[in-house]
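Trainee: Have a peek at work-v3.cif (mmCIF, C-alpha atoms).
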data_target
#
loop_
_atom_site.label_atom_id
_atom_site.label_comp_id
_atom_site.auth_asym_id
_atom_site.auth_seq_id
_atom_site.Cartn_x
_atom_site.Cartn_y
_atom_site.Cartn_z
CA MET A 1 81.61 -9.52 19.87
CA ILE A 2 79.98 -11.49 22.70
CA LEU A 3 76.54 -10.45 21.42
CA PHE A 4 77.47 -11.78 17.96
CA PHE A 5 78.39 -15.21 19.36
CA TYR A 6 75.27 -15.16 21.56
CA ASN A 7 73.05 -14.60 18.52
CA LEU A 8 74.95 -17.25 16.56
CA ALA A 9 74.34 -19.76 19.34
CA LEU A 10 70.71 -18.68 19.58
CA LEU A 11 70.20 -19.21 15.85
CA ALA A 12 71.83 -22.64 16.00
CA ALA A 13 69.61 -23.61 18.93
CA LEU A 14 66.50 -22.50 17.03
CA ILE A 15 67.44 -24.53 13.96
CA LEU A 16 68.46 -27.66 15.85
CA GLY A 17 65.50 -27.44 18.21
CA ALA A 18 62.90 -26.73 15.50
CA PRO A 19 61.59 -30.33 15.25
CA TRP A 20 61.07 -30.50 19.02
CA TRP A 21 59.29 -27.13 19.12
CA LEU A 22 57.09 -28.01 16.15
CA LEU A 23 56.05 -31.23 17.85
CA ARG A 24 55.28 -29.39 21.07
CA MET A 25 53.22 -26.77 19.25
CA ALA A 26 51.27 -29.48 17.46
CA THR A 27 50.41 -31.28 20.69
CA ALA A 28 50.12 -28.58 23.37
CA GLN A 29 48.17 -25.33 23.30
CA LYS A 30 50.53 -23.60 25.72
CA TYR A 31 53.35 -23.69 23.14
CA ARG A 32 51.14 -22.10 20.46
CA GLU A 33 49.60 -19.38 22.59
CA GLY A 34 51.17 -16.00 21.97
CA LEU A 35 53.68 -17.42 19.49
CA LEU A 36 53.26 -14.63 16.93
CA GLU A 37 53.65 -12.02 19.66
CA ARG A 38 56.82 -13.72 20.87
CA LEU A 39 58.19 -13.63 17.33
CA GLY A 40 57.62 -9.89 16.97
CA ARG A 41 54.00 -9.22 16.00
CA VAL A 42 52.94 -6.34 18.23
CA ARG A 43 49.31 -6.39 19.34
CA PRO A 44 47.69 -2.93 19.63
CA LEU A 45 47.47 -1.69 23.22
CA ILE A 46 44.09 -0.10 23.80
CA GLY A 47 43.85 2.98 25.97
CA GLN A 48 47.30 4.43 25.49
CA GLY A 49 46.23 7.34 23.35
CA SER A 50 49.11 9.77 22.95
CA ARG A 51 50.67 8.98 26.31
CA PRO A 52 54.31 7.77 26.36
CA LEU A 53 54.77 4.21 27.53
CA ILE A 54 56.49 2.54 30.48
CA TRP A 55 57.15 -1.15 29.81
CA VAL A 56 57.17 -3.42 32.88
CA HIS A 57 58.28 -7.02 32.33
CA ALA A 58 57.29 -9.73 34.81
CA VAL A 59 58.19 -13.30 33.85
CA SER A 60 55.53 -15.43 35.50
CA VAL A 61 52.97 -15.59 38.29
CA GLY A 62 55.39 -14.75 41.11
CA GLU A 63 56.75 -11.66 39.37
CA VAL A 64 53.27 -10.52 38.30
CA LEU A 65 52.15 -10.72 41.91
CA ALA A 66 55.25 -8.82 43.02
CA VAL A 67 54.72 -5.91 40.62
CA SER A 68 50.93 -5.74 41.02
CA ARG A 69 51.00 -2.92 43.53
CA LEU A 70 53.91 -1.23 41.75
CA VAL A 71 51.97 -1.04 38.48
CA LYS A 72 48.89 0.39 40.20
CA THR A 73 51.02 2.91 42.08
CA LEU A 74 52.75 3.96 38.84
CA ASP A 75 49.32 4.45 37.29
CA ALA A 76 48.34 6.79 40.10
CA ALA A 77 51.68 8.61 40.43
CA LEU A 78 52.32 9.05 36.69
CA PRO A 79 48.94 9.57 35.01
CA ASP A 80 50.60 11.11 31.95
CA TYR A 81 52.23 7.75 31.20
CA PHE A 82 50.74 4.47 30.00
CA VAL A 83 52.04 1.44 31.89
CA ALA A 84 52.08 -1.79 29.86
CA VAL A 85 53.04 -5.22 31.21
CA SER A 86 54.64 -8.19 29.48
CA THR A 87 55.05 -11.74 30.73
CA THR A 88 56.88 -14.82 29.49
CA THR A 89 54.70 -17.68 30.71
CA ARG A 90 51.10 -18.54 29.91
CA THR A 91 50.09 -18.58 33.58
CA GLY A 92 51.75 -15.21 34.15
CA GLN A 93 49.88 -13.83 31.13
CA ALA A 94 46.52 -15.03 32.46
CA LEU A 95 47.11 -13.49 35.88
CA ALA A 96 48.44 -10.21 34.44
CA ARG A 97 45.36 -9.84 32.24
CA GLU A 98 43.17 -10.44 35.27
CA ARG A 99 45.09 -7.95 37.42
CA PHE A 100 45.79 -5.17 34.91
CA GLY A 101 43.32 -5.70 32.06
CA ALA A 102 44.01 -7.54 28.81
CA THR A 103 44.33 -4.33 26.78
CA ARG A 104 47.74 -3.49 28.20
CA VAL A 105 49.24 -6.94 28.70
CA PHE A 106 51.29 -8.81 26.08
CA TYR A 107 53.81 -11.62 25.68
CA CYS A 108 57.42 -10.52 25.87
CA PRO A 109 59.19 -11.11 22.55
CA LEU A 110 61.78 -13.83 22.34
CA ASP A 111 65.30 -12.42 22.62
CA LEU A 112 65.69 -12.37 18.85
CA PRO A 113 67.03 -9.18 17.24
CA TRP A 114 64.10 -8.72 14.83
CA ALA A 115 61.44 -9.46 17.48
CA VAL A 116 62.98 -7.04 19.97
CA ARG A 117 63.41 -4.38 17.27
CA SER A 118 59.75 -4.71 16.24
CA TYR A 119 58.51 -4.11 19.78
CA LEU A 120 60.77 -1.15 20.44
CA ASN A 121 59.80 0.42 17.10
CA VAL A 122 56.09 0.21 17.91
CA LEU A 123 56.02 0.74 21.67
CA GLN A 124 58.79 3.33 21.85
CA PRO A 125 59.02 2.97 25.63
CA ARG A 126 60.42 5.80 27.71
CA LEU A 127 61.50 3.28 30.36
CA LEU A 128 61.91 -0.50 30.60
CA VAL A 129 61.39 -1.96 34.07
CA LEU A 130 62.50 -5.55 34.65
CA ALA A 131 61.26 -7.55 37.64
CA GLU A 132 63.98 -9.48 39.48
CA THR A 133 66.76 -10.56 37.05
CA GLU A 134 65.52 -10.92 33.48
CA PHE A 135 68.72 -9.98 31.68
CA TRP A 136 68.21 -10.70 27.96
CA PRO A 137 71.20 -9.50 25.89
CA ASN A 138 69.39 -8.42 22.71
CA LEU A 139 66.65 -6.59 24.61
CA LEU A 140 69.15 -4.77 26.82
CA SER A 141 71.50 -3.92 23.96
CA ALA A 142 68.68 -2.56 21.81
CA CYS A 143 67.43 -0.36 24.66
CA PHE A 144 70.93 0.97 25.34
CA ARG A 145 71.47 1.81 21.65
CA ARG A 146 68.23 3.81 21.61
CA GLY A 147 68.94 5.59 24.88
CA ILE A 148 66.04 3.93 26.70
CA PRO A 149 66.78 3.71 30.43
CA VAL A 150 66.49 0.22 31.91
CA ALA A 151 65.72 -0.31 35.58
CA VAL A 152 65.51 -3.51 37.62
CA VAL A 153 63.11 -3.72 40.56
CA ASN A 154 62.96 -6.42 43.23
CA ALA A 155 66.40 -7.41 41.98
CA ARG A 156 67.90 -10.57 43.41
CA VAL A 157 70.66 -13.03 42.61
CA SER A 158 70.01 -16.53 43.91
CA ASP A 159 72.66 -18.95 45.15
CA ARG A 160 72.06 -21.02 42.01
CA SER A 161 72.43 -18.18 39.49
CA LEU A 162 75.38 -16.37 41.09
CA PRO A 163 78.12 -18.62 39.58
CA ARG A 164 76.55 -18.33 36.11
CA TYR A 165 76.49 -14.54 36.20
CA ARG A 166 80.05 -14.42 37.52
CA SER A 167 81.23 -16.57 34.60
CA LEU A 168 79.53 -14.20 32.15
CA ARG A 169 81.35 -11.27 33.71
CA THR A 170 84.62 -13.18 33.40
CA LEU A 171 83.92 -13.51 29.68
CA GLY A 172 83.64 -9.73 29.47
CA TRP A 173 79.85 -9.42 29.32
CA PRO A 174 79.43 -5.65 29.79
CA LEU A 175 75.65 -5.19 29.64
CA LEU A 176 74.87 -5.01 33.35
CA SER A 177 77.22 -2.05 33.84
CA ARG A 178 74.90 0.04 31.62
CA LEU A 179 71.71 -0.45 33.63
CA SER A 180 70.26 2.87 34.78
CA ARG A 181 68.94 1.76 38.18
CA VAL A 182 69.06 -1.52 40.10
CA LEU A 183 66.82 -1.73 43.17
CA ALA A 184 67.78 -4.78 45.20
CA GLN A 185 65.68 -6.74 47.65
CA THR A 186 68.40 -7.03 50.30
CA GLY A 187 71.93 -5.94 51.08
CA ILE A 188 73.21 -9.39 50.11
CA ASP A 189 71.50 -9.07 46.72
CA ALA A 190 72.99 -5.59 46.26
CA ASP A 191 76.50 -6.92 46.91
CA ARG A 192 75.97 -9.79 44.49
CA LEU A 193 74.62 -7.48 41.79
CA LYS A 194 77.74 -5.34 42.06
CA ALA A 195 79.90 -8.48 41.96
CA ILE A 196 78.34 -9.64 38.66
CA GLY A 197 78.89 -6.31 36.92
CA CYS A 198 76.24 -3.76 37.91
CA SER A 199 77.64 -0.30 38.48
CA PRO A 200 77.85 0.39 42.25
CA GLN A 201 76.55 3.92 41.66
CA VAL A 202 73.15 2.68 40.47
CA VAL A 203 72.62 -0.20 42.92
CA SER A 204 70.65 0.40 46.11
CA VAL A 205 68.43 -1.56 48.48
CA ALA A 206 64.74 -0.76 48.08
CA GLY A 207 63.32 -3.81 49.83
CA ASN A 208 61.12 -6.62 48.62
CA LEU A 209 58.01 -5.68 46.64
CA LYS A 210 56.40 -8.90 47.83
CA PHE A 211 56.12 -7.40 51.30
CA ASP A 212 53.75 -4.86 49.74
CA VAL A 213 51.59 -7.46 48.01
CA ARG A 214 48.03 -7.70 49.22
CA ALA A 215 45.44 -10.17 47.99
CA ALA A 216 43.58 -8.46 45.14
CA GLY A 217 40.25 -9.17 46.84
CA GLU A 218 38.27 -12.16 47.99
CA ALA A 219 38.39 -14.80 45.27
CA ASP A 220 35.37 -16.84 44.21
CA ALA A 221 37.06 -19.94 45.63
CA THR A 222 37.31 -18.24 49.03
CA ARG A 223 33.63 -17.37 49.06
CA GLN A 224 32.71 -20.89 47.98
CA LEU A 225 34.89 -22.52 50.64
CA LYS A 226 33.31 -20.34 53.31
CA ALA A 227 29.85 -21.45 52.20
CA LEU A 228 30.68 -25.13 51.68
CA ALA A 229 32.88 -25.73 54.73
CA PRO A 230 31.65 -23.27 57.38
CA ASN A 231 32.54 -25.35 60.46
CA LEU A 232 35.66 -27.07 59.21
CA ARG A 233 39.35 -26.22 59.62
CA LEU A 234 41.44 -25.86 56.46
CA ILE A 235 45.02 -26.76 55.78
CA VAL A 236 46.07 -24.90 52.65
CA ALA A 237 49.04 -26.42 50.81
CA GLY A 238 50.09 -23.89 48.20
CA SER A 239 52.47 -23.93 45.22
CA THR A 240 53.24 -27.63 45.62
CA LEU A 241 55.61 -29.48 43.30
CA GLU A 242 55.95 -33.12 42.29
CA GLY A 243 56.73 -35.24 45.33
CA GLU A 244 55.13 -32.84 47.79
CA GLU A 245 51.50 -33.84 47.16
CA SER A 246 52.38 -37.46 47.95
CA THR A 247 54.10 -36.34 51.17
CA LEU A 248 50.99 -34.41 52.19
CA LEU A 249 48.76 -37.39 51.39
CA GLU A 250 50.97 -39.62 53.54
CA ALA A 251 50.57 -37.15 56.42
CA TRP A 252 46.81 -36.77 55.95
CA PRO A 253 45.61 -39.82 57.97
CA THR A 254 47.76 -38.77 60.94
CA LEU A 255 46.30 -35.27 60.86
CA LEU A 256 42.73 -36.57 60.59
CA GLU A 257 43.25 -38.85 63.60
CA ALA A 258 43.95 -35.75 65.67
CA ASP A 259 41.16 -33.61 64.20
CA LEU A 260 38.29 -35.13 62.23
CA HIS A 261 37.09 -31.70 61.11
CA LEU A 262 39.98 -30.98 58.75
CA VAL A 263 39.86 -30.23 55.03
CA MET A 264 42.95 -29.83 52.86
CA VAL A 265 43.15 -27.41 49.94
CA LEU A 266 45.85 -28.61 47.57
CA ALA A 267 47.16 -26.02 45.07
CA PRO A 268 49.83 -27.31 42.65
CA ARG A 269 52.24 -24.65 41.46
CA HIS A 270 52.00 -25.46 37.75
CA PRO A 271 48.66 -25.84 35.90
CA GLU A 272 50.10 -28.52 33.63
CA ARG A 273 50.31 -30.78 36.72
CA PHE A 274 46.62 -30.51 37.63
CA LYS A 275 45.80 -33.77 35.80
CA ALA A 276 48.71 -35.63 37.38
CA VAL A 277 47.70 -34.51 40.88
CA ALA A 278 44.08 -35.47 40.16
CA ALA A 279 45.27 -38.94 39.18
CA LEU A 280 47.31 -39.12 42.40
CA LEU A 281 44.22 -38.20 44.43
CA ASP A 282 42.17 -40.85 42.63
CA LYS A 283 44.82 -43.45 43.41
CA SER A 284 45.01 -42.44 47.07
CA GLY A 285 41.38 -43.30 47.75
CA VAL A 286 40.64 -40.05 49.62
CA ARG A 287 37.48 -38.11 48.89
CA TRP A 288 38.27 -35.06 46.83
CA VAL A 289 36.71 -32.42 44.60
CA ARG A 290 37.97 -30.07 41.90
CA ARG A 291 37.58 -26.37 42.53
CA SER A 292 36.98 -25.88 38.77
CA ASP A 293 33.85 -28.06 39.00
CA TRP A 294 32.22 -25.35 41.07
CA SER A 295 32.48 -22.70 38.35
CA SER A 296 29.40 -23.74 36.40
CA GLN A 297 27.04 -24.00 39.38
CA PRO A 298 25.62 -21.57 41.94
CA VAL A 299 26.91 -22.10 45.47
CA GLY A 300 23.47 -23.22 46.64
CA ALA A 301 23.53 -26.16 44.24
CA LEU A 302 26.92 -27.46 45.38
CA GLN A 303 27.47 -30.35 47.76
CA PRO A 304 28.91 -29.27 51.13
CA ILE A 305 32.51 -30.28 51.70
CA ALA A 306 32.80 -33.28 54.00
CA PRO A 307 35.32 -33.54 56.85
CA GLY A 308 38.49 -35.22 55.63
CA GLN A 309 37.90 -34.20 52.03
CA ILE A 310 40.58 -32.64 49.81
CA VAL A 311 39.91 -29.72 47.46
CA LEU A 312 42.14 -29.53 44.38
CA LEU A 313 42.58 -25.83 43.67
CA ASP A 314 42.98 -26.15 39.91
CA THR A 315 42.57 -22.46 39.09
CA ILE A 316 44.97 -19.54 38.69
CA GLY A 317 45.18 -16.46 40.90
CA GLU A 318 43.00 -17.64 43.81
CA LEU A 319 45.58 -19.14 46.17
CA ALA A 320 46.59 -15.88 47.88
CA SER A 321 42.98 -15.22 48.87
CA VAL A 322 42.31 -18.85 49.91
CA TYR A 323 45.25 -18.67 52.34
CA SER A 324 43.10 -16.32 54.44
CA LEU A 325 40.91 -19.29 55.49
CA ALA A 326 43.76 -21.53 56.64
CA ALA A 327 44.18 -22.91 60.14
CA ALA A 328 47.69 -23.73 58.91
CA ALA A 329 49.50 -23.24 55.61
CA PHE A 330 52.22 -25.26 53.92
CA VAL A 331 54.22 -23.31 51.33
CA GLY A 332 55.49 -25.65 48.65
CA GLY A 333 58.59 -25.99 46.53
CA SER A 334 60.40 -26.45 49.83
CA ILE A 335 60.19 -30.15 50.72
CA VAL A 336 61.78 -30.96 47.36
CA PRO A 337 64.98 -29.02 46.55
CA ALA A 338 63.37 -26.36 44.34
CA GLY A 339 64.10 -23.20 46.38
CA GLY A 340 60.65 -22.66 47.88
CA HIS A 341 57.87 -20.19 47.19
CA ASN A 342 56.58 -17.06 48.84
CA PRO A 343 55.65 -17.40 52.55
CA LEU A 344 54.36 -13.82 52.62
CA GLU A 345 51.09 -14.79 50.94
CA PRO A 346 49.81 -16.53 54.09
CA ALA A 347 51.74 -14.21 56.43
CA GLN A 348 49.61 -11.21 55.44
CA PHE A 349 46.55 -13.01 56.87
CA ALA A 350 48.18 -14.02 60.17
CA VAL A 351 48.17 -17.71 59.22
CA PRO A 352 50.60 -20.20 60.83
CA ILE A 353 53.18 -21.12 58.16
CA VAL A 354 55.18 -24.29 57.57
CA MET A 355 57.89 -24.70 54.94
CA GLY A 356 60.39 -27.39 54.09
CA PRO A 357 64.16 -26.88 54.42
CA HIS A 358 64.67 -25.77 50.79
CA TYR A 359 63.83 -22.05 50.73
CA ALA A 360 66.84 -20.49 48.96
CA ASN A 361 64.61 -18.52 46.56
CA PHE A 362 63.10 -16.69 49.54
CA ARG A 363 66.02 -16.91 51.91
CA ALA A 364 65.91 -13.35 53.24
CA ILE A 365 62.15 -13.40 53.81
CA THR A 366 62.21 -16.81 55.46
CA GLN A 367 65.17 -15.96 57.68
CA ASP A 368 63.41 -12.77 58.76
CA LEU A 369 60.35 -14.82 59.71
CA LEU A 370 62.56 -17.34 61.51
CA ALA A 371 64.29 -14.58 63.45
CA HIS A 372 60.88 -13.52 64.77
CA ASP A 373 59.75 -17.10 65.48
CA ALA A 374 57.05 -16.59 62.87
CA ILE A 375 57.42 -19.74 60.75
CA ARG A 376 58.16 -23.44 61.21
CA ILE A 377 60.64 -25.36 59.04
CA ALA A 378 59.95 -29.09 58.68
CA ALA A 379 61.81 -31.83 56.86
CA LYS A 380 59.72 -34.32 54.89
CA GLU A 381 59.60 -36.86 57.71
CA ASP A 382 58.59 -34.20 60.26
CA LEU A 383 55.87 -32.43 58.25
CA ALA A 384 52.92 -34.26 59.84
CA ALA A 385 54.24 -33.66 63.37
CA VAL A 386 54.87 -29.94 62.81
CA LEU A 387 51.44 -29.38 61.26
CA LEU A 388 49.86 -31.37 64.08
CA GLU A 389 51.57 -29.22 66.71
CA LEU A 390 50.18 -26.04 65.15
CA LEU A 391 46.69 -27.49 64.82
CA GLU A 392 46.59 -28.72 68.42
CA ASP A 393 48.17 -25.73 70.20
CA ARG A 394 45.92 -23.01 68.84
CA THR A 395 47.16 -20.34 71.24
CA ALA A 396 50.82 -20.79 70.22
CA ALA A 397 49.87 -21.04 66.55
CA LYS A 398 47.87 -17.83 66.72
CA ALA A 399 50.74 -15.97 68.42
CA MET A 400 53.19 -17.22 65.79
CA ALA A 401 50.85 -16.16 63.00
CA GLU A 402 50.48 -12.67 64.45
CA ARG A 403 54.25 -12.34 64.53
CA ALA A 404 54.32 -13.30 60.84
CA ARG A 405 51.82 -10.57 60.03
CA ARG A 406 53.88 -8.01 61.95
CA VAL A 407 56.98 -8.98 59.94
CA PHE A 408 54.95 -8.53 56.78
CA GLU A 409 53.73 -5.08 57.83
CA GLN A 410 57.08 -3.85 59.16
CA GLN A 411 58.87 -4.62 55.91
CA ALA A 412 56.41 -2.77 53.70
CA GLY A 413 57.41 0.32 51.70
CA ALA A 414 59.44 -1.04 48.78
CA THR A 415 56.79 0.08 46.29
CA GLY A 416 57.09 3.73 47.24
CA ARG A 417 60.89 3.63 47.11
CA CYS A 418 60.82 2.00 43.67
CA VAL A 419 58.31 4.50 42.25
CA GLU A 420 60.41 7.42 43.46
CA ALA A 421 63.56 5.96 41.88
CA LEU A 422 61.80 5.20 38.58
CA ARG A 423 60.31 8.68 38.42
CA LYS A 424 63.82 10.15 38.37
CA LEU A 425 64.65 8.19 35.19
CA LEU A 426 61.79 9.78 33.24
CA PRO A 427 61.94 13.13 31.46
CA PRO A 428 60.37 15.99 33.42
CA ASN A 429 57.96 16.64 30.56
CA PRO A 430 56.43 13.37 29.33
CA SER A 431 55.29 14.93 26.06
CA SER A 432 58.80 16.09 25.20
CA GLU A 433 60.59 14.61 22.21
CA HIS A 434 62.43 11.38 22.88
CA ASP A 435 64.97 10.27 20.35
CA GLN A 436 64.63 6.61 19.47
#
I'd like the structure from this file rewritten - as structure tokens, please.

Mentor:
Amino acid sequence: MILFFYNLALLAALILGAPWWLLRMATAQKYREGLLERLGRVRPLIGQGSRPLIWVHAVSVGEVLAVSRLVKTLDAALPDYFVAVSTTTRTGQALARERFGATRVFYCPLDLPWAVRSYLNVLQPRLLVLAETEFWPNLLSACFRRGIPVAVVNARVSDRSLPRYRSLRTLGWPLLSRLSRVLAQTGIDADRLKAIGCSPQVVSVAGNLKFDVRAAGEADATRQLKALAPNLRLIVAGSTLEGEESTLLEAWPTLLEADLHLVMVLAPRHPERFKAVAALLDKSGVRWVRRSDWSSQPVGALQPIAPGQIVLLDTIGELASVYSLAAAAFVGGSIVPAGGHNPLEPAQFAVPIVMGPHYANFRAITQDLLAHDAIRIAAKEDLAAVLLELLEDRTAAKAMAERARRVFEQQAGATGRCVEALRKLLPPNPSSEHDQ
């Protein structure tokens, strides 16, 4: 009954919102890209052959990064299966195609009965693996009706989403109780998942897949920065949101007074903000350059980066590698109340890390780093001072950064635990008949 009312509300929203969506599709490419796939047209997946399929769904860039090692480990551990990956966002799609190859990456269908049915009819997955908490009623219900096991990896319930899920359980939403396996990031997440309706028998703590993430390799931007700024110190400000770039620009003169050999790499979280941040840089009067302008020229033809200059990292998938060059890193989404982003990306390179006070999305990770004195938390008005302290006291900054790397290494292992749990949900003989 709840599913009926959900679909009724979904249909009403589609009809009422049609003019807005049509306008968006007419004016912005990102709303048109993958639209037919989202509505149920299944693109052929090259390379599957006769192998049964495991469907891994990762919403956006953060989830794609989290499951990167998991997908590669599944490939190696289960060669008789074909692992395909879906995403929801355009940026997630671009990164997934880069990481896994375009032939096995597709847009996840909208949670419409006919779109979901079309994908399940064609893909016939033996297992659906959801990253974090992507609980779509029609997709889950359709899998349960067909006997397809559904597992959740890297599962978490944030402070913000917990009340919403509790209200759904109060309404009698039964879907979560039918999940086959729920592998939580932390004990707190496991307790919350049980509280919102997951069966206690299938919930366990596997750890955070993001502790197993390694940079995929040295990015072009990293090589170019090495060549263009060989004797300069970099501050890398990653995954910044609106309001944070202006805070960093306000702090910039203070930092340059203390060290004239600084360069800042500014990496906005969302590509659609690249133009707005470029306009902000123009208005600020600082010297700056776009990373994307380097793509069409050999490194030898590029102008060296000058001290005090800012590099706008307006590309996708290069930030994790660029963190390796940082004398200090600021992890964004944390000065403004947006929940923060992943501090493990710089931690893996033993880079001193600074975040703002809003880190609820990565609370367990950040608190672990804090417990080991491996990160600094700075309010907006203190950001310049905290960065300055790390830049000036190199010995203390290096020791703190090494502690961050040790935290990163000590927490590794979630990938192996997840693969072992997922393996148990698959039939012993992958070629055996599977009723759909």

Trainee: Return as a list in words the set of residues that the PyMOL selection byres ((chain A and resi 153-158) around 6) yields on the displayed structure.

Mentor: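 Those residues are Ala131, Glu132, Thr133, Val152, Asp159, Arg160, Ser161, Leu162, Leu183, Ala184, Gln185, Asp189 and Asn208 of chain A.
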
Trainee: Which distance in Å separates CA of Gly47 in chain A and CA of Ala102 in chain A, to one decimal?

Mentor: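 Result for CA of Gly47 in chain A versus CA of Ala102 in chain A: 10.9 Å, one decimal.
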
Trainee: Compile the contact shell of Leu179 in chain A as a ChimeraX atom specification: residues with an atom at most 10 Å away, counting only C-alpha atoms, same-chain residues fewer than 2 positions apart removed.

Mentor: /A:140,143-144,148-152,175-177,181-182,197-199,202-203

Trainee: Let me see the file: selected residues, C-alpha atoms, as a PDB file, keeping the file's coordinate frame.

Mentor:
ATOM      1  CA  LEU A 140      69.150  -4.770  26.820  1.00  0.00           C
ATOM      2  CA  CYS A 143      67.430  -0.360  24.660  1.00  0.00           C
ATOM      3  CA  PHE A 144      70.930   0.970  25.340  1.00  0.00           C
ATOM      4  CA  ILE A 148      66.040   3.930  26.700  1.00  0.00           C
ATOM      5  CA  PRO A 149      66.780   3.710  30.430  1.00  0.00           C
ATOM      6  CA  VAL A 150      66.490   0.220  31.910  1.00  0.00           C
ATOM      7  CA  ALA A 151      65.720  -0.310  35.580  1.00  0.00           C
ATOM      8  CA  VAL A 152      65.510  -3.510  37.620  1.00  0.00           C
ATOM      9  CA  LEU A 175      75.650  -5.190  29.640  1.00  0.00           C
ATOM     10  CA  LEU A 176      74.870  -5.010  33.350  1.00  0.00           C
ATOM     11  CA  SER A 177      77.220  -2.050  33.840  1.00  0.00           C
ATOM     12  CA  ARG A 181      68.940   1.760  38.180  1.00  0.00           C
ATOM     13  CA  VAL A 182      69.060  -1.520  40.100  1.00  0.00           C
ATOM     14  CA  GLY A 197      78.890  -6.310  36.920  1.00  0.00           C
ATOM     15  CA  CYS A 198      76.240  -3.760  37.910  1.00  0.00           C
ATOM     16  CA  SER A 199      77.640  -0.300  38.480  1.00  0.00           C
ATOM     17  CA  VAL A 202      73.150   2.680  40.470  1.00  0.00           C
ATOM     18  CA  VAL A 203      72.620  -0.200  42.920  1.00  0.00           C
TER      19      VAL A 203
END

Trainee: CA of Ser246 in chain A and CA of Asp393 in chain A are how many Å apart?

Mentor: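 Distance reported for this atom pair: 25.5 Å.
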
Trainee: Counting all atoms listed in the file, which residue out of A:Leu193, A:Ile235, A:Ala279, A:Leu130 sits closest to Pro307 in chain A?

Mentor: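 Of the candidates, the smallest distance to Pro307 in chain A is held by A:Ile235.
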
Trainee: Kindly resolve the PyMOL selection byres ((chain A and resi 52-54) around 12) on the present coordinates and return the residues as a ChimeraX atom specification.

Mentor: /A:45,47-51,55-57,71,74-75,78-86,104,119-120,122-130,148-151,422-423,425-427,429-434

Trainee: One decimal, Å: what's the distance from CA of Glu98 in chain A over to CA of Ala227 in chain A, could you say?

Mentor: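 Atom-to-atom, CA of Glu98 in chain A to CA of Ala227 in chain A, that is 24.2 Å.
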
Trainee: Pick from A:Thr366, A:Thr88, A:Asn121, A:Ser68: nearest to Arg41 in chain A, with all atoms listed in the file counted?

Mentor: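 Answer, going by the shortest atom-to-atom distance: A:Asn121.
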
Trainee: Between A:Asp111, A:Asp373, A:Glu402, A:Glu345, which residue has the minimum interatomic distance to Val322 in chain A, considering only C-alpha atoms?

Mentor: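 Between A:Asp111, A:Asp373, A:Glu402, A:Glu345, the residue approaching Val322 in chain A most closely is A:Glu345.
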
Trainee: To test your reading of the syntax: which residues would the PyMOL selection byres ((chain A and resi 331) around 6) return for the file shown? Reply as a list in words.

Mentor: Gly238, Phe330, Gly332 and Met355 of chain A

Trainee: Would you pick out the contacts of Ala404 in chain A at 9 Å or less, using all atoms listed in the file, so that residues sharing its chain but fewer than 5 positions from it are not included, and give the list as a short mmCIF file (atom, residue, chain, number, x, y, z; two decimals) with C-alpha atoms, keeping the file's coordinate frame?

Mentor:
data_model
loop_
_atom_site.label_atom_id
_atom_site.label_comp_id
_atom_site.auth_asym_id
_atom_site.auth_seq_id
_atom_site.Cartn_x
_atom_site.Cartn_y
_atom_site.Cartn_z
CA LEU A 344 54.36 -13.82 52.62
CA PRO A 346 49.81 -16.53 54.09
CA ALA A 347 51.74 -14.21 56.43
CA GLN A 348 49.61 -11.21 55.44
CA PHE A 349 46.55 -13.01 56.87
CA ALA A 350 48.18 -14.02 60.17
CA VAL A 351 48.17 -17.71 59.22
CA PRO A 352 50.60 -20.20 60.83
CA ILE A 353 53.18 -21.12 58.16
CA LEU A 369 60.35 -14.82 59.71
CA HIS A 372 60.88 -13.52 64.77
CA ASP A 373 59.75 -17.10 65.48
CA ALA A 374 57.05 -16.59 62.87
CA ILE A 375 57.42 -19.74 60.75
CA ALA A 399 50.74 -15.97 68.42
CA GLU A 409 53.73 -5.08 57.83
#

Trainee: Let me have the centre and edge lengths in Å, one decimal, of the box along x, y and z around every listed atom of range 109-120 of chain A with 4 Å of margin on each side, as lines of an AutoDock Vina configuration file.

Mentor:
center_x = 62.8
center_y = -7.5
center_z = 18.7
size_x = 16.5
size_y = 20.7
size_z = 15.8

Trainee: Contacts of His341 in chain A at 10 Å or less, counting only C-alpha atoms, minus same-chain residues fewer than 5 places along, as a list in words?

Mentor: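 Surrounding residues, per the criterion: Gly62, Gly238, Ser239, Thr240, Arg269, Val331, Gly332, Gly333, Ser334, Met355, His358, Tyr359, Ala360, Asn361, Phe362, Arg363 and Thr366 of chain A.
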
Trainee: Go ahead and write the residues just picked, C-alpha atoms, as an mmCIF file, keeping the file's coordinate frame.

Mentor:
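Listing of part_15.cif after writing:
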data_model
loop_
_atom_site.group_PDB
_atom_site.id
_atom_site.type_symbol
_atom_site.label_atom_id
_atom_site.label_comp_id
_atom_site.auth_asym_id
_atom_site.auth_seq_id
_atom_site.Cartn_x
_atom_site.Cartn_y
_atom_site.Cartn_z
ATOM 1 C CA GLY A 62 55.390 -14.750 41.110
ATOM 2 C CA GLY A 238 50.090 -23.890 48.200
ATOM 3 C CA SER A 239 52.470 -23.930 45.220
ATOM 4 C CA THR A 240 53.240 -27.630 45.620
ATOM 5 C CA ARG A 269 52.240 -24.650 41.460
ATOM 6 C CA VAL A 331 54.220 -23.310 51.330
ATOM 7 C CA GLY A 332 55.490 -25.650 48.650
ATOM 8 C CA GLY A 333 58.590 -25.990 46.530
ATOM 9 C CA SER A 334 60.400 -26.450 49.830
ATOM 10 C CA MET A 355 57.890 -24.700 54.940
ATOM 11 C CA HIS A 358 64.670 -25.770 50.790
ATOM 12 C CA TYR A 359 63.830 -22.050 50.730
ATOM 13 C CA ALA A 360 66.840 -20.490 48.960
ATOM 14 C CA ASN A 361 64.610 -18.520 46.560
ATOM 15 C CA PHE A 362 63.100 -16.690 49.540
ATOM 16 C CA ARG A 363 66.020 -16.910 51.910
ATOM 17 C CA THR A 366 62.210 -16.810 55.460
#
